[in-house]
Amino acid sequence: MIGLKVEEGLLIKTTPERIFALYSDIDNWASWNPAVPQKMAPPEGERRTLELTTDPSAAIQITRLIPNQAFTVETEILMCIISQEYELFASPLGTYTTHRVVFTGWLSPLYFLLLNMKMRKMLKESLQGLKRAAEY
C-alpha cells in the first residue's frame, strides 16, 4: 500500500555525523525538538514510549538504521502505521536534512486528514530546533 506523506527539509551547516549524534541522543531530544517533553519513559527493550506534546503517547520502534545517513521509527495505531523517516545528505554547503512522516494502512487517509497540518508544523519546528542545536 502506498503511503500518504508529509515532508520537510532544511540545509544545516554542519556534518551528517554532528546531526546523527543529536539523533542518537534520545534522552536529549527535548532540548531541540519541541514535540518531545522533558521527561520520557524508560526504554522497554527495543520500544520506547514518547509522550509527545502534540499526540497521545505512542510506542516507537526503530525499523531502519544507517549510521550518519538515515533512520526510521514506526508507531502502530488503530489500523495505521505512522513511519517517521529521517535522512541526511552531505553536500559542500552542509547537510540537507529531511524529516518525513508516512501514513500507511486502512485508516491512513483518515489519520492523514486529521494530522497532516499538525505534523507539517511539528516537522518544521523540529528541523529548526535541530538546526540551532547542530550549528550552535
# chains A, B, ... in the order shown; residues from 1 in each chain; ligands from 1
>>> residues_around(residues="A:Trp32", least_positions_apart="2", cutoff="6 Å", atoms="only C-alpha atoms", output="PyMOL selection string")
chain A and resi 29-30+129-130
>>> residues_around(residues="A:Val73", least_positions_apart="4", cutoff="10 Å", atoms="only C-alpha atoms", output="list in words")
Arg47, Ala59, Ile60, Gln61, Ile62, Thr63, Arg64, Leu65, Ile82, Ser83, Gln84, Glu85, Tyr86 and Val101 of chain A
>>> write_last_selection(atoms="C-alpha atoms", output="PDB file, in the first residue's frame")
ATOM      1  CA  ARG A  47      10.470   0.021  22.184  1.00  0.00           C
ATOM      2  CA  ALA A  59       5.446   3.198  21.485  1.00  0.00           C
ATOM      3  CA  ILE A  60       8.042   3.662  18.772  1.00  0.00           C
ATOM      4  CA  GLN A  61      10.288   1.069  17.239  1.00  0.00           C
ATOM      5  CA  ILE A  62      13.387   1.657  15.137  1.00  0.00           C
ATOM      6  CA  THR A  63      12.857  -0.159  11.836  1.00  0.00           C
ATOM      7  CA  ARG A  64      15.799   1.173   9.797  1.00  0.00           C
ATOM      8  CA  LEU A  65      19.179   2.469  10.887  1.00  0.00           C
ATOM      9  CA  ILE A  82       2.952   6.009  11.131  1.00  0.00           C
ATOM     10  CA  SER A  83       6.577   5.955   9.964  1.00  0.00           C
ATOM     11  CA  GLN A  84       8.888   8.832  10.801  1.00  0.00           C
ATOM     12  CA  GLU A  85      11.826   8.912   8.410  1.00  0.00           C
ATOM     13  CA  TYR A  86      14.958  10.970   8.998  1.00  0.00           C
ATOM     14  CA  VAL A 101       6.015  11.224   8.180  1.00  0.00           C
TER      15      VAL A 101
END
>>> select_by_dssp(residues="stretch 95-132 of chain A", states="alpha helix (DSSP H)", output="mmCIF file with N, CA and C atoms, in the first residue's frame")
data_model
loop_
_atom_site.group_PDB
_atom_site.id
_atom_site.type_symbol
_atom_site.label_atom_id
_atom_site.label_comp_id
_atom_site.auth_asym_id
_atom_site.auth_seq_id
_atom_site.Cartn_x
_atom_site.Cartn_y
_atom_site.Cartn_z
ATOM 1 N N SER A 108 -5.240 5.086 7.149
ATOM 2 C CA SER A 108 -4.245 6.135 6.898
ATOM 3 C C SER A 108 -4.843 7.399 6.274
ATOM 4 N N PRO A 109 -5.810 7.298 5.333
ATOM 5 C CA PRO A 109 -6.385 8.551 4.805
ATOM 6 C C PRO A 109 -7.051 9.400 5.891
ATOM 7 N N LEU A 110 -7.713 8.754 6.841
ATOM 8 C CA LEU A 110 -8.358 9.490 7.924
ATOM 9 C C LEU A 110 -7.318 10.152 8.829
ATOM 10 N N TYR A 111 -6.317 9.384 9.256
ATOM 11 C CA TYR A 111 -5.269 9.953 10.113
ATOM 12 C C TYR A 111 -4.506 11.064 9.388
ATOM 13 N N PHE A 112 -4.241 10.864 8.108
ATOM 14 C CA PHE A 112 -3.550 11.894 7.329
ATOM 15 C C PHE A 112 -4.376 13.177 7.317
ATOM 16 N N LEU A 113 -5.663 13.040 7.061
ATOM 17 C CA LEU A 113 -6.549 14.200 7.025
ATOM 18 C C LEU A 113 -6.564 14.926 8.366
ATOM 19 N N LEU A 114 -6.605 14.153 9.448
ATOM 20 C CA LEU A 114 -6.675 14.739 10.785
ATOM 21 C C LEU A 114 -5.345 15.327 11.261
ATOM 22 N N LEU A 115 -4.222 14.727 10.852
ATOM 23 C CA LEU A 115 -2.931 15.080 11.455
ATOM 24 C C LEU A 115 -1.936 15.782 10.539
ATOM 25 N N ASN A 116 -2.186 15.853 9.229
ATOM 26 C CA ASN A 116 -1.108 16.324 8.352
ATOM 27 C C ASN A 116 -0.689 17.766 8.623
ATOM 28 N N MET A 117 -1.607 18.665 8.922
ATOM 29 C CA MET A 117 -1.208 20.056 9.192
ATOM 30 C C MET A 117 -0.409 20.149 10.499
ATOM 31 N N LYS A 118 -0.833 19.395 11.511
ATOM 32 C CA LYS A 118 -0.112 19.372 12.787
ATOM 33 C C LYS A 118 1.283 18.777 12.590
ATOM 34 N N MET A 119 1.354 17.714 11.791
ATOM 35 C CA MET A 119 2.649 17.072 11.531
ATOM 36 C C MET A 119 3.578 18.005 10.757
ATOM 37 N N ARG A 120 3.048 18.708 9.771
ATOM 38 C CA ARG A 120 3.872 19.644 8.994
ATOM 39 C C ARG A 120 4.470 20.710 9.917
ATOM 40 N N LYS A 121 3.658 21.254 10.815
ATOM 41 C CA LYS A 121 4.142 22.259 11.769
ATOM 42 C C LYS A 121 5.203 21.646 12.684
ATOM 43 N N MET A 122 4.928 20.427 13.175
ATOM 44 C CA MET A 122 5.866 19.751 14.059
ATOM 45 C C MET A 122 7.196 19.489 13.350
ATOM 46 N N LEU A 123 7.153 19.076 12.073
ATOM 47 C CA LEU A 123 8.381 18.812 11.321
ATOM 48 C C LEU A 123 9.203 20.088 11.153
ATOM 49 N N LYS A 124 8.540 21.195 10.802
ATOM 50 C CA LYS A 124 9.249 22.469 10.643
ATOM 51 C C LYS A 124 9.911 22.896 11.945
ATOM 52 N N GLU A 125 9.168 22.788 13.052
ATOM 53 C CA GLU A 125 9.722 23.196 14.342
ATOM 54 C C GLU A 125 10.884 22.302 14.767
ATOM 55 N N SER A 126 10.759 20.994 14.534
ATOM 56 C CA SER A 126 11.857 20.101 14.939
ATOM 57 C C SER A 126 13.093 20.337 14.082
ATOM 58 N N LEU A 127 12.916 20.613 12.791
ATOM 59 C CA LEU A 127 14.069 20.910 11.937
ATOM 60 C C LEU A 127 14.756 22.208 12.357
ATOM 61 N N GLN A 128 13.979 23.217 12.693
ATOM 62 C CA GLN A 128 14.575 24.484 13.146
ATOM 63 C C GLN A 128 15.335 24.278 14.455
ATOM 64 N N GLY A 129 14.764 23.508 15.376
ATOM 65 C CA GLY A 129 15.447 23.204 16.633
ATOM 66 C C GLY A 129 16.718 22.403 16.411
ATOM 67 N N LEU A 130 16.650 21.436 15.501
ATOM 68 C CA LEU A 130 17.832 20.637 15.172
ATOM 69 C C LEU A 130 18.920 21.515 14.569
ATOM 70 N N LYS A 131 18.525 22.426 13.698
ATOM 71 C CA LYS A 131 19.487 23.355 13.071
ATOM 72 C C LYS A 131 20.182 24.202 14.138
ATOM 73 N N ARG A 132 19.406 24.753 15.079
ATOM 74 C CA ARG A 132 20.004 25.560 16.152
ATOM 75 C C ARG A 132 20.981 24.726 16.979
#
>>> closest_residue(among="A:Glu135, A:Asn28, A:Asn33, A:Leu78", to="A:Pro16", atoms="only C-alpha atoms")
A:Glu135
>>> residues_around(residues="A:Gly9", least_positions_apart="2", cutoff="9 Å", atoms="only C-alpha atoms", output="list of chain:residue names")
A:Glu7, A:Leu11, A:Tyr96, A:Thr97, A:Thr98, A:His99, A:Arg100, A:Leu123, A:Lys124, A:Leu127
>>> closest_residue(among="A:Pro92, A:Cys80, A:Ile66, A:Val36", to="A:Gly3", atoms="only C-alpha atoms")
A:Cys80
>>> atom_distance(atom1="atom CA of A:Glu87", atom2="atom CA of A:Lys13")
15.1 Å
>>> select_by_dssp(residues="chain A", states="strand (DSSP E or B)", output="PyMOL selection string")
chain A and resi 4-12+44+47-50+58-66+70-77+80-91+94-104
